[in-house]
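One structure is given here, and the rest of the page talks about it.
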Amino acid sequence: MDVFNIWLPIAEIKFSVILLLSIGFCVGTLGGFFGVGGAWIVTPALNIFGFNMSFAIGTDLAHIFGKSIIATKKHSKMGNVDVKLGLISIIGSIIGVELGAQTIMFLEKVGDVGMVVRWIYMVLLFGLGIFMVLDYLKATKAESSTDSDTGATPTKGTPISQKLYSIKIPPVISLPASGIEAVSFWVIFAVFMLTGFLSGLLGVGGGFILLPSLIYLIGCPTAVAVGTSLLCVLFMGGYGCFSYAMKGRTELIAAMIMLVGAAVGAQIGVLATRYVRGYGIRILFAIMIILAGISVALKQAYAMLETPWLGTIAGIVVLGAAGSMTLLIFLKLLRGAAAEKKQAF
């Protein structure tokens with residue numbers, strides 16, 4: 001309905017306020033729960049429904065910055081944020097964001113930036129999603145085979161992070177909040193520079209790459225990885241928003257409308273992490289990004305084959321996935337709160 005449409009002067013398009021609020025609410029919930037900016041949903045969704053890709057990236061970074069402030073504050077109160085690790089992220093991530101943004105500006109001049117970004121999205125989304133599903137299945141199998149072994153001492157970190165801990169290039173630092181006794185500063189720097197580059201290149205807060213990186217590469221516990229990821233996303237999203245705004249690619253009106261929905265959703269997502277822990281969060285995250293990858297693949301097929309119904313299905317998949325996962329998180333919150341209340345009596 002035209003009454004719910006608004007003119008966006010920077011992007012020079014008309015867009016639905018209801019759609020912007022819905023996207024913001026869903027991504028706010030998912031971001032608070034998974035510790036990510038949610039741009040793997042927002043950037044493709046804005047692009048699918050009419051935004052030019054560079055405007056979708058810049059607008060999403062502005063929305064990510066505002067939403068991450070809310071969710072990070074909530075996670076900090078729950079003790080899920082490694083502030084020392086988050087502050088270190090500023091150095092590598094800001095350098096990476098600027099490199100990514102400059103790459104987008106170059107691609108915009110020489111070719112089809114939308115196609116390139118979508119292909120990178122697909123590789124990362126499907127690759128990460130499949131890896132995390134396989135890791136979940138492996139961990140579940142191992143757990144079921146050792147249920148009777150209650151005296152075992154869990155190994156800190158992951159096999160990959162244990163190898164990275166062995167790299168002792170000075171300076172070597174400790175991260176007590178994450179339970180990490182010694183790790184090279186340069187290992188942390190490299191991880192954050194990579195996620196920062198992806199943030200600037202794909203219009204993401206880096207979270208959908210950063211959360212698995214914090215878990216599998218740095219070895220953070222899942223709950224701490226979620227909160228710390230949001231703190232890192234805040235820094236990357238803030239700088240990315242500034243960089244794209246200076247290049248005239250940020251639609252602030254759309255970002256503010258999405259932020260209204262996200263402010264409500266983030267509260268729900270953060271509270272739900274009290275009742276879903278560890279591998280429960282990881283498998284839901286994996287399912288979510290695989291579904292997002294499918295929607296991007298459909299959008300790419302639409303661009304290549306010029307078949308209109310593929311673009312429609314892409315929009316349905318991305319919003320359907322976000323809406324379904326948001327509902328699931330909300331139900332888990334209600335169930336957990338009800339169980340907690342029952343135990344109190």
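Identifiers for the structure tokens are assigned positionally: chains receive A, B, ... in sequence, residues are indexed from 1 per chain, and ligands are indexed from 1 in the order shown.
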
Inset, instruction - Find the residues near A:Met236: any atom within 7 Å, counting only C-alpha atoms, skip ones fewer than 2 places away on the same chain, and give them as a list in words. - result: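 The residues satisfying every condition are Ser93, Ile94, Val97, Gly196, Gly205, Cys232, Val233, Leu234, Gly238, Tyr239 and Gly240 of chain A.
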
Keeping only C-alpha atoms, write those residues as a compact mmCIF listing (two decimals), in the first residue's frame.
# COMPACT_ATOMS: atom_id res chain seq x y z
CA SER A 93 39.13 -4.40 11.82
CA ILE A 94 39.23 -0.70 10.88
CA VAL A 97 36.96 -2.28 6.65
CA GLY A 196 37.05 -6.18 8.86
CA GLY A 205 29.38 -6.12 10.63
CA CYS A 232 33.59 -5.97 17.58
CA VAL A 233 30.67 -5.56 15.18
CA LEU A 234 29.89 -2.22 16.83
CA GLY A 238 30.52 2.34 13.05
CA TYR A 239 33.59 2.87 10.91
CA GLY A 240 32.00 1.19 7.89

Inset, instruction - Give me the residues within 9 Å of stretch 98-103 of chain A as a list of chain:residue names, counting only C-alpha atoms and dropping any in the same chain fewer than 2 places off. - result: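 Using only C-alpha atoms, the neighbours found are A:Ser93, A:Ile94, A:Ile95, A:Gly96, A:Met105, A:Phe106, A:Leu107, A:Glu108, A:Gly196, A:Phe197, A:Leu198, A:Ser199, A:Gly200, A:Leu201, A:Leu202, A:Gly203, A:Tyr239, A:Gly240, A:Ser243, A:Tyr244.
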
Residues of stretch 220-324 of chain A at most 10 Å from stretch 171-177 of chain A: nearest atom pair and distance in Å, only C-alpha atoms, as a tab-separated table:
residue	atom	partner	partner_atom	distance
A:Cys220	CA	A:Ala177	CA	9.0
A:Pro221	CA	A:Ala177	CA	9.6
A:Val224	CA	A:Ala177	CA	8.0

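What separates atom CA of A:Met53 from atom CA of A:Ala11 is a distance of 10.6 Å.
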
Inset, instruction - Return as a PyMOL selection string the full set of residues in stretch 169-256 of chain A whose backbone-based DSSP assignment is helix (DSSP H, G or I). - result: chain A and resi 176-178+185-202+207-218+222-246+252-256

Legend entry - Test item: residues at most 10 Å from stretch 117-125 of chain A, only C-alpha atoms, excluding those fewer than 3 positions along its chain, as a ChimeraX atom specification: /A:40,44,53-54,104,107,112-114,128-131,198,201-203,208-209,286,288-297,299-300

Legend entry - Residue contacts of stretch 22-36 of chain A (6 Å, only C-alpha atoms) excluding same-chain residues fewer than 4 positions away, as number ranges by chain: A: 71, 207-208, 226-227, 229-230, 258-259, 261-262, 265-266, 268-270, 273, 322, 326

Legend entry - Long-range neighbours of A:Pro9 as number ranges by chain, 12 Å cut-off, only C-alpha atoms, 4 positions minimum in chain: A: 13-15, 55, 248-254

Legend entry - Exercise: A:Ser213 partners within 10 Å, only C-alpha atoms, chain neighbours under 3 positions left out, as an MDAnalysis selection string: chainID A and resid 161 188 191:192 194:195 207:210 216:220 225 229

Inset, instruction - Please identify all polymer residues within 12 Å of A:Ser166, counting only C-alpha atoms, omitting same-chain residues fewer than 2 positions from it, and present them as a list of chain:residue names. - result: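 Contacts, with the query itself left out: A:Pro159, A:Ile160, A:Ser161, A:Gln162, A:Lys163, A:Leu164, A:Lys168, A:Ile169, A:Pro170, A:Val172, A:Glu181, A:Ala182, A:Val183, A:Ser184, A:Val187, A:Ile218.
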
Could you build a table of the residues in stretch 2-69 of chain A lying no more than 12 Å from stretch 314-317 of chain A, giving for each the nearest pair of atoms and their separation in Å rounded to one decimal place, using only C-alpha atoms, ordered by chain and ascending residue number, as CSV?
residue,atom,partner,partner_atom,distance
A:Leu19,CA,A:Gly315,CA,11.4
A:Ile23,CA,A:Gly315,CA,11.5
A:Ile41,CA,A:Gly315,CA,10.1
A:Val42,CA,A:Gly315,CA,11.0
A:Thr43,CA,A:Gly315,CA,11.7
A:Pro44,CA,A:Gly315,CA,8.6
A:Ala45,CA,A:Gly315,CA,6.5
A:Leu46,CA,A:Gly315,CA,9.4
A:Asn47,CA,A:Gly315,CA,9.5
A:Ile48,CA,A:Gly315,CA,6.2
A:Phe49,CA,A:Gly315,CA,7.3
A:Gly50,CA,A:Gly315,CA,10.8

Inset, instruction - Determine which residues of stretch 58-306 of chain A receive a DSSP assignment of strand (DSSP E or B), computed from the backbone, and state them as a ChimeraX atom specification. - result: /A:172-175,180-184
